[in-house]
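Source file entry.txt; content: compact mmCIF, C-alpha atoms and all ligand atoms.
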```
# COMPACT_ATOMS: atom_id res chain seq x y z
CA MET U 1 33.93 80.31 96.78
CA TYR U 2 30.68 81.06 98.56
CA LYS U 3 26.97 81.03 97.66
CA ALA U 4 24.93 84.19 97.21
CA LYS U 5 21.19 84.64 96.85
CA ALA U 6 20.16 85.89 93.40
CA TYR U 7 17.39 85.95 90.77
CA SER U 8 18.01 84.14 87.52
CA ALA U 9 16.24 83.14 84.31
CA ALA U 10 16.52 79.47 83.29
CA SER U 11 15.64 80.09 79.62
CA ALA U 12 14.55 82.83 77.20
CA THR U 13 10.93 82.16 78.06
CA SER U 14 11.08 81.52 81.80
CA PRO U 15 10.42 84.18 84.42
CA LEU U 16 13.21 85.26 86.74
CA ALA U 17 13.16 83.23 89.95
CA SER U 18 15.04 82.94 93.23
CA THR U 19 18.26 80.94 93.15
CA GLN U 20 21.75 80.66 94.65
CA ILE U 21 24.89 81.42 92.66
CA PRO U 22 28.62 80.93 93.29
CA ARG U 23 30.79 83.98 93.97
CA ARG U 24 34.57 83.94 94.39
CA GLU U 25 36.19 84.95 97.67
CA ALA U 26 37.88 88.34 97.29
CA THR U 27 41.41 87.84 95.88
CA GLU U 28 44.12 90.44 96.60
CA HIS U 29 42.84 93.06 94.09
CA ASP U 30 39.12 92.42 94.70
CA VAL U 31 36.38 94.31 96.47
CA GLN U 32 33.39 92.43 97.84
CA ILE U 33 30.21 94.50 97.80
CA GLU U 34 26.87 94.00 99.52
CA ILE U 35 24.41 95.13 96.83
CA LEU U 36 21.84 97.65 98.07
CA PHE U 37 20.13 98.67 94.80
CA CYS U 38 20.29 97.43 91.23
CA GLY U 39 18.62 99.23 88.32
CA ILE U 40 16.70 97.39 85.61
CA CYS U 41 18.11 98.25 82.19
CA HIS U 42 16.32 97.29 78.97
CA SER U 43 19.56 95.43 78.10
CA ASP U 44 18.78 93.07 81.01
CA LEU U 45 15.50 92.23 79.30
CA HIS U 46 17.06 91.91 75.79
CA THR U 47 19.61 89.47 77.27
CA VAL U 48 17.24 87.46 79.46
CA ARG U 49 14.96 86.94 76.43
CA ASN U 50 17.94 86.22 74.14
CA GLU U 51 16.92 89.03 71.79
CA TRP U 52 20.57 89.68 70.86
CA SER U 53 21.21 85.99 70.05
CA SER U 54 23.09 86.75 66.81
CA ILE U 55 25.58 89.09 68.55
CA MET U 56 25.72 87.93 72.17
CA PRO U 57 23.84 84.69 72.72
CA THR U 58 22.60 84.27 76.29
CA VAL U 59 23.99 81.49 78.45
CA TYR U 60 21.50 80.17 81.04
CA PRO U 61 20.95 80.41 83.90
CA CYS U 62 21.26 84.18 83.41
CA VAL U 63 21.54 86.61 86.34
CA PRO U 64 21.20 90.11 84.86
CA GLY U 65 21.91 93.50 86.44
CA HIS U 66 24.67 96.03 85.69
CA GLU U 67 23.51 99.12 87.56
CA ILE U 68 24.87 98.21 90.95
CA VAL U 69 25.33 100.29 94.06
CA GLY U 70 26.24 98.94 97.47
CA ARG U 71 28.56 98.92 100.42
CA VAL U 72 32.01 97.37 100.59
CA THR U 73 32.16 94.40 102.97
CA THR U 74 35.66 92.99 102.35
CA VAL U 75 38.74 94.10 100.43
CA GLY U 76 41.75 92.11 99.22
CA SER U 77 45.21 92.75 100.67
CA ALA U 78 46.39 94.86 97.69
CA VAL U 79 43.27 97.05 97.42
CA THR U 80 44.01 100.75 97.91
CA LYS U 81 40.89 102.62 96.71
CA PHE U 82 38.30 101.09 99.06
CA LYS U 83 37.82 99.94 102.63
CA PRO U 84 34.94 98.09 104.31
CA GLY U 85 31.95 100.39 104.82
CA ASP U 86 32.59 102.55 101.73
CA LEU U 87 29.87 103.08 99.14
CA ALA U 88 30.71 101.53 95.78
CA GLY U 89 29.26 101.26 92.29
CA VAL U 90 29.67 98.70 89.49
CA GLY U 91 28.44 99.16 85.92
CA CYS U 92 28.51 97.02 82.80
CA LEU U 93 32.19 96.04 82.95
CA VAL U 94 34.10 93.98 85.51
CA ASP U 95 37.37 93.42 83.61
CA SER U 96 39.31 94.10 80.39
CA ASP U 97 42.78 93.18 79.08
CA HIS U 98 44.41 96.47 80.26
CA THR U 99 46.93 96.28 77.40
CA CYS U 100 45.07 96.96 74.13
CA PRO U 101 45.10 100.47 72.59
CA ASN U 102 41.55 101.11 73.80
CA CYS U 103 42.34 100.18 77.41
CA ARG U 104 45.48 102.31 77.25
CA ASP U 105 43.27 105.24 76.20
CA GLY U 106 40.82 104.64 79.07
CA LEU U 107 38.21 103.18 76.71
CA GLU U 108 37.70 99.82 78.40
CA GLN U 109 34.18 99.70 76.93
CA LEU U 110 35.82 99.14 73.52
CA CYS U 111 38.33 96.50 74.66
CA PRO U 112 37.96 93.32 72.54
CA ASN U 113 38.72 91.22 75.63
CA GLN U 114 36.40 92.90 78.09
CA THR U 115 34.40 91.00 80.70
CA LEU U 116 30.83 92.20 81.05
CA THR U 117 29.16 92.12 84.44
CA PHE U 118 26.84 89.33 83.30
CA ASN U 119 26.73 86.79 80.46
CA SER U 120 30.50 87.00 79.80
CA PRO U 121 33.05 84.19 80.28
CA ASP U 122 34.10 84.25 83.96
CA LYS U 123 37.91 84.01 84.19
CA HIS U 124 37.81 83.09 87.86
CA LEU U 125 35.05 80.51 88.29
CA GLY U 126 34.43 79.32 84.72
CA GLY U 127 30.97 79.52 83.19
CA VAL U 128 29.61 83.04 82.77
CA THR U 129 29.57 86.09 85.01
CA TYR U 130 26.49 86.77 87.11
CA GLY U 131 25.12 90.29 87.52
CA GLY U 132 23.59 92.50 90.14
CA TYR U 133 20.21 90.85 90.83
CA SER U 134 22.06 89.34 93.74
CA GLU U 135 22.93 90.05 97.37
CA SER U 136 26.65 90.52 96.72
CA ILE U 137 29.31 90.73 94.02
CA VAL U 138 33.13 90.52 93.95
CA VAL U 139 34.91 92.82 91.49
CA ASP U 140 38.50 93.90 90.72
CA GLU U 141 38.92 97.33 92.31
CA ARG U 142 39.86 98.85 88.94
CA PHE U 143 36.23 98.39 87.88
CA VAL U 144 34.65 99.67 91.10
CA LEU U 145 33.48 103.29 91.19
CA ARG U 146 33.35 105.77 94.05
CA VAL U 147 29.81 106.99 94.80
CA PRO U 148 29.17 110.59 95.93
CA ALA U 149 27.82 110.51 99.49
CA ASN U 150 25.17 113.21 98.94
CA LEU U 151 22.99 111.28 96.47
CA ASP U 152 19.98 108.99 96.98
CA LEU U 153 21.32 105.47 96.42
CA ALA U 154 18.25 104.03 94.67
CA GLY U 155 18.61 106.81 92.10
CA VAL U 156 22.39 106.42 91.84
CA ALA U 157 22.27 102.77 90.68
CA PRO U 158 20.96 103.64 87.16
CA LEU U 159 23.78 106.12 86.65
CA LEU U 160 26.15 103.15 86.29
CA CYS U 161 24.63 102.31 82.88
CA ALA U 162 21.85 104.72 81.83
CA GLY U 163 23.89 107.62 83.20
CA ILE U 164 27.23 106.92 81.53
CA THR U 165 25.64 105.75 78.26
CA THR U 166 24.00 109.15 77.76
CA TYR U 167 26.72 111.31 79.35
CA SER U 168 29.56 109.89 77.22
CA PRO U 169 28.24 110.58 73.68
CA MET U 170 27.04 114.05 74.65
CA ARG U 171 30.45 114.93 76.08
CA ARG U 172 32.18 113.46 73.05
CA TRP U 173 30.06 115.47 70.63
CA GLY U 174 31.41 118.72 72.08
CA ASN U 175 30.09 121.79 73.83
CA LEU U 176 26.30 121.54 73.80
CA THR U 177 25.67 124.98 75.26
CA GLY U 178 23.04 126.70 73.13
CA LYS U 179 22.76 123.74 70.72
CA LYS U 180 19.46 122.16 69.73
CA VAL U 181 19.59 118.63 71.11
CA GLY U 182 16.95 115.93 70.66
CA VAL U 183 16.43 112.90 72.87
CA ALA U 184 14.38 110.13 71.26
CA GLY U 185 12.58 107.81 73.70
CA LEU U 186 11.84 108.80 77.28
CA GLY U 187 12.75 105.69 79.21
CA GLY U 188 15.69 104.94 81.51
CA LEU U 189 18.38 106.19 79.13
CA GLY U 190 16.28 108.97 77.62
CA HIS U 191 15.37 110.63 80.89
CA MET U 192 19.05 110.70 81.89
CA GLY U 193 19.87 112.14 78.45
CA VAL U 194 17.40 114.97 79.10
CA LYS U 195 18.94 115.71 82.50
CA PHE U 196 22.49 115.81 81.12
CA ALA U 197 21.60 117.82 77.99
CA ARG U 198 19.91 120.34 80.26
CA ALA U 199 22.91 120.44 82.62
CA PHE U 200 25.20 121.02 79.59
CA GLY U 201 23.16 124.08 78.59
CA ALA U 202 21.43 122.71 75.48
CA TYR U 203 17.97 123.54 74.13
CA VAL U 204 16.38 120.14 74.74
CA VAL U 205 13.62 118.51 72.70
CA VAL U 206 12.13 115.15 73.67
CA PHE U 207 10.58 112.79 71.12
CA THR U 208 8.17 110.38 72.75
CA THR U 209 5.50 107.94 71.63
CA SER U 210 3.77 108.36 75.00
CA PRO U 211 1.62 111.52 75.27
CA GLY U 212 1.26 110.78 79.00
CA LYS U 213 4.99 111.52 79.52
CA LYS U 214 4.78 115.11 78.22
CA GLU U 215 4.54 116.89 81.58
CA ASP U 216 7.29 114.75 83.06
CA ALA U 217 9.56 115.52 80.12
CA LEU U 218 9.20 119.25 80.80
CA ARG U 219 9.81 118.70 84.52
CA LEU U 220 12.93 116.65 83.74
CA GLY U 221 14.37 119.57 81.77
CA ALA U 222 12.97 119.49 78.22
CA ASP U 223 12.19 122.81 76.52
CA GLU U 224 9.84 121.13 74.04
CA VAL U 225 8.14 117.76 73.71
CA ILE U 226 7.16 116.20 70.38
CA ILE U 227 4.82 113.24 70.02
CA SER U 228 6.88 111.24 67.56
CA ARG U 229 3.97 109.35 66.00
CA ASN U 230 2.79 112.69 64.58
CA ALA U 231 4.68 113.03 61.25
CA GLU U 232 3.51 116.63 60.76
CA GLU U 233 5.00 117.71 64.05
CA LEU U 234 8.33 116.09 63.10
CA GLN U 235 8.27 117.79 59.69
CA GLN U 236 8.10 121.22 61.33
CA HIS U 237 11.56 120.56 62.83
CA ALA U 238 13.18 119.29 59.59
CA GLY U 239 16.83 120.33 59.28
CA THR U 240 17.04 122.09 62.65
CA PHE U 241 18.86 119.83 65.13
CA ASP U 242 22.57 119.85 65.95
CA PHE U 243 22.55 116.50 67.74
CA ILE U 244 20.04 113.74 68.48
CA LEU U 245 20.51 110.90 70.95
CA ASP U 246 18.43 107.89 69.92
CA THR U 247 17.63 105.69 72.93
CA ILE U 248 14.73 103.76 71.39
CA ALA U 249 14.72 100.08 72.34
CA ALA U 250 12.51 98.82 69.47
CA ASP U 251 12.24 99.03 65.69
CA HIS U 252 11.54 102.59 64.44
CA ASP U 253 11.95 104.88 61.43
CA ILE U 254 15.45 106.29 61.95
CA ASN U 255 15.14 108.42 58.77
CA ALA U 256 12.46 110.55 60.38
CA TYR U 257 15.10 111.57 62.96
CA ILE U 258 18.01 111.91 60.50
CA ASN U 259 15.88 114.33 58.45
CA MET U 260 15.52 116.60 61.47
CA LEU U 261 19.30 117.15 61.65
CA GLY U 262 20.78 120.35 60.29
CA ARG U 263 24.01 120.65 58.29
CA ASP U 264 26.71 118.35 59.73
CA GLY U 265 24.29 117.28 62.42
CA ASN U 266 24.83 113.95 64.15
CA ILE U 267 22.49 111.30 65.45
CA THR U 268 24.07 108.87 67.90
CA LEU U 269 22.42 105.52 68.48
CA VAL U 270 22.61 104.13 71.97
CA GLY U 271 19.39 102.10 71.75
CA ALA U 272 20.01 98.55 70.56
CA PRO U 273 16.87 97.17 68.88
CA GLU U 274 16.79 93.49 68.08
CA LYS U 275 16.46 94.02 64.29
CA PRO U 276 18.63 96.17 61.94
CA LEU U 277 17.34 99.66 61.13
CA ALA U 278 16.86 100.71 57.48
CA VAL U 279 18.91 103.87 56.87
CA SER U 280 18.18 106.05 53.83
CA ALA U 281 21.46 107.07 52.17
CA PHE U 282 19.83 110.28 50.97
CA ALA U 283 18.80 111.30 54.46
CA LEU U 284 22.52 111.28 55.34
CA LEU U 285 23.86 112.73 52.07
CA PHE U 286 21.72 115.84 52.09
CA GLY U 287 23.06 117.97 54.89
CA ARG U 288 26.29 115.97 55.23
CA ARG U 289 24.79 114.36 58.31
CA SER U 290 26.32 111.53 60.29
CA LEU U 291 25.05 108.52 62.16
CA SER U 292 27.14 107.07 65.02
CA GLY U 293 26.90 104.57 67.80
CA SER U 294 28.11 104.68 71.36
CA ILE U 295 28.40 102.11 74.10
CA ILE U 296 28.51 102.95 77.83
CA GLY U 297 31.82 104.72 78.68
CA GLY U 298 35.27 104.00 80.11
CA ILE U 299 35.93 103.64 83.82
CA ALA U 300 37.56 107.06 84.25
CA GLU U 301 34.70 108.73 82.39
CA THR U 302 32.16 106.84 84.49
CA GLN U 303 33.83 108.22 87.61
CA GLU U 304 33.80 111.71 86.04
CA MET U 305 30.04 111.31 85.36
CA LEU U 306 29.35 110.19 88.96
CA ASP U 307 31.33 113.14 90.33
CA PHE U 308 29.44 115.49 87.96
CA CYS U 309 26.15 114.04 89.27
CA GLY U 310 27.35 114.58 92.85
CA GLU U 311 28.17 118.22 92.12
CA HIS U 312 24.92 118.90 90.24
CA ASN U 313 22.68 116.73 92.41
CA ILE U 314 21.63 114.51 89.50
CA THR U 315 20.13 111.05 90.00
CA ALA U 316 17.69 108.89 88.05
CA ASP U 317 13.96 109.19 88.74
CA VAL U 318 13.23 105.72 90.05
CA GLU U 319 10.36 103.47 90.99
CA VAL U 320 11.81 101.31 93.75
CA ILE U 321 10.55 97.72 93.65
CA PRO U 322 11.22 94.54 95.61
CA ILE U 323 12.95 91.80 93.59
CA GLN U 324 9.73 89.75 93.74
CA LYS U 325 8.17 92.29 91.29
CA VAL U 326 10.92 91.97 88.68
CA ASN U 327 8.87 89.99 86.15
CA GLU U 328 6.03 92.51 86.37
CA ALA U 329 8.58 95.30 85.84
CA TYR U 330 9.85 93.59 82.67
CA GLU U 331 6.30 93.44 81.27
CA ARG U 332 5.89 97.15 81.97
CA LEU U 333 9.25 97.93 80.34
CA VAL U 334 8.08 96.35 77.08
CA LYS U 335 5.03 98.63 77.17
CA SER U 336 7.21 101.77 77.76
CA ASP U 337 5.47 102.03 81.15
CA VAL U 338 8.48 103.07 83.21
CA LYS U 339 8.96 106.31 85.16
CA TYR U 340 11.80 106.34 84.52
CA ARG U 341 13.90 103.48 85.88
CA PHE U 342 13.03 100.53 88.08
CA SER U 343 15.52 100.22 90.92
CA ILE U 344 15.43 96.96 92.87
CA ASP U 345 15.78 97.27 96.64
CA MET U 346 18.04 94.28 97.28
CA ALA U 347 17.06 94.07 100.94
CA SER U 348 13.94 92.34 99.53
CA LEU U 349 16.12 89.40 98.48
CA LYS U 350 16.52 88.51 102.15
CA ALA U 351 12.72 88.14 102.55
CA LYS U 352 11.36 84.61 102.23
P1 LIG X 401 13.53 101.76 78.28
O1 LIG X 401 13.59 102.31 79.65
O2 LIG X 401 12.60 100.64 77.98
O3 LIG X 401 13.24 103.01 77.32
C1 LIG X 401 13.11 102.86 75.92
C2 LIG X 401 12.10 103.90 75.41
O4 LIG X 401 12.04 103.79 74.00
C3 LIG X 401 10.68 103.66 75.87
O5 LIG X 401 10.38 104.14 77.15
C4 LIG X 401 9.89 104.41 74.81
O6 LIG X 401 9.91 105.81 75.12
C5 LIG X 401 10.76 104.23 73.56
N1 LIG X 401 10.17 103.20 72.69
C6 LIG X 401 9.93 101.90 73.01
N2 LIG X 401 9.39 101.26 71.97
C7 LIG X 401 9.32 102.16 70.97
C8 LIG X 401 8.87 102.10 69.61
N3 LIG X 401 8.38 100.97 69.10
N4 LIG X 401 8.97 103.21 68.86
C9 LIG X 401 9.44 104.35 69.38
N5 LIG X 401 9.86 104.47 70.66
C10 LIG X 401 9.81 103.39 71.43
O7 LIG X 401 14.96 101.25 77.81
P2 LIG X 401 16.42 101.75 78.26
O8 LIG X 401 16.87 100.94 79.41
O9 LIG X 401 16.42 103.21 78.30
O10 LIG X 401 17.29 101.25 77.02
C11 LIG X 401 17.04 101.76 75.72
C12 LIG X 401 17.85 100.99 74.70
O11 LIG X 401 19.24 101.28 74.88
C13 LIG X 401 17.73 99.47 74.81
O12 LIG X 401 17.74 98.91 73.49
C14 LIG X 401 18.98 99.07 75.57
O13 LIG X 401 19.38 97.75 75.34
C15 LIG X 401 19.97 100.06 74.99
N6 LIG X 401 21.14 100.31 75.84
C16 LIG X 401 22.31 100.59 75.20
C17 LIG X 401 23.43 100.92 75.93
C18 LIG X 401 24.69 101.29 75.23
O14 LIG X 401 25.75 101.25 75.86
N7 LIG X 401 24.62 101.69 73.97
C19 LIG X 401 23.37 100.92 77.33
C20 LIG X 401 22.16 100.65 77.95
C21 LIG X 401 21.05 100.35 77.19
P3 LIG X 401 8.60 106.72 74.88
O15 LIG X 401 7.53 106.15 75.78
O16 LIG X 401 9.08 108.06 75.30
O17 LIG X 401 8.28 106.65 73.43
ZN ZN X 402 22.33 98.90 80.77
```

As structure tokens:
Amino acid sequence: MYKAKAYSAASATSPLASTQIPRREATEHDVQIEILFCGICHSDLHTVRNEWSSIMPTVYPCVPGHEIVGRVTTVGSAVTKFKPGDLAGVGCLVDSDHTCPNCRDGLEQLCPNQTLTFNSPDKHLGGVTYGGYSESIVVDERFVLRVPANLDLAGVAPLLCAGITTYSPMRRWGNLTGKKVGVAGLGGLGHMGVKFARAFGAYVVVFTTSPGKKEDALRLGADEVIISRNAEELQQHAGTFDFILDTIAADHDINAYINMLGRDGNITLVGAPEKPLAVSAFALLFGRRSLSGSIIGGIAETQEMLDFCGEHNITADVEVIPIQKVNEAYERLVKSDVKYRFSIDMASLKAK
């Protein structure tokens, strides 16, 4: 075991602050990674503030961060995929049981015995796992991703969660070429959803509560932008969408979006608001529409997404911050003031 510098929260109401955490030495199947950048996902904030207490109560101290990119420093004797000096990525998962039907189908994100990158029981050291707001991490090589060498690393980090979470449901829905696809909420997930929908050949419409994001939405690849607080504007699109990806992090009227779906249209929730959403049965019945959920993606699909990003030169649009600004970044996230992902430069952790 060794000590690593990190940022942690001591309670749901305390700011993140500098600390030291234990990390295991790399065992034979492990890869030790020096973390270069870590994205800030809204799930970090939900967890730090214990907003998901009924589903996944937070254990403190909590070290968040599951959008990790870095360089391999050490590998265990049985590791075959990586060597010291390689680039490496780690997302939301660091282990699973490898034997359940979901794992056998490459759907580790649905494994009932998965280990999340933070706030999950740690099989090696006891306590809970600690995430990427840290100088290093040690992970089983089966959960470490290869990173295309041509991409900007600060913008790669968010692909490990925001990227796969939007890529996976769009791929699963089918061929989006020529389809009318909506993306609700233009934050970290939403802006990646726009980039992927565009790359898949869809006609892309962004729903945003922030009029100031309109120009950016068009630049990111949207064909149209709708200010979602304007009910009349939404009404004009009633019954016209094939697919909508809902990335909204807070309470909202889901029926307004369901009503915009056409026959057999689907809305997939990836946003995880603290409180349940009220769904109108009639909004679903008329039009034979469906409502689904989706959570990140499996390891093989995450690698497929990273390779796709390498080929198409896709990264997140990031505002790079030093770790010392993390609490300020959280306050801005709550106000939807993010363009479009904060990416922490972990070199700042070395500064006094
Ligand atoms: P984010 O960067 O904060 O973006 C969320 C966006 O939602 C905001 O930028 C804002 O966009 C919109 N929004 C916020 N409050 C709203 C409100 N009251 N009404 C309508 N729109 C509102 O968050 P994120 O990191 O993209 O995460 C989004 C959600 O997905 C979070 O709940 C997160 O926990 C969840 N998540 C789920 C998965 C999964 O696997 N399913 C993975 C990662 C994250 P506009 O300014 O454009 O309105
Ligand atoms: Zn995330």

Mind dumping a table of every stretch 180-214 of chain U residue within 12 Å of stretch 41-57 of chain U, with the nearest atom pair and its distance in Å to one decimal, using all atoms listed in the file, sorted by chain and rising number, as CSV?
```
residue,atom,partner,partner_atom,distance
U:Gly187,CA,U:His42,CA,9.1
U:Gly188,CA,U:Cys41,CA,7.1
U:Leu189,CA,U:Cys41,CA,8.5
U:Gly190,CA,U:His42,CA,11.8
```

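Atom O1 of ligand LIG 401 (chain X) sits 25.7 Å away from atom CA of U:Thr19.
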
Open item on the list: Around ligand LIG 401 (chain X), out to 6 Å and counting all atoms listed in the file, which residues are there? I want them as a VMD selection string.
Closed with: chain U and resid 41 to 43 161 to 162 165 185 to 190 208 to 210 247 to 252 270 to 273 294 to 296 333 336

TODO: Calculate how many Å separate atom CA of U:Pro22 from atom CA of U:Gly91, rounding to one decimal.
DONE: 19.7 Å

TODO: State, in Å with one decimal place, the distance from atom CA of U:Arg172 to atom CA of U:Arg229.
DONE: 29.4 Å
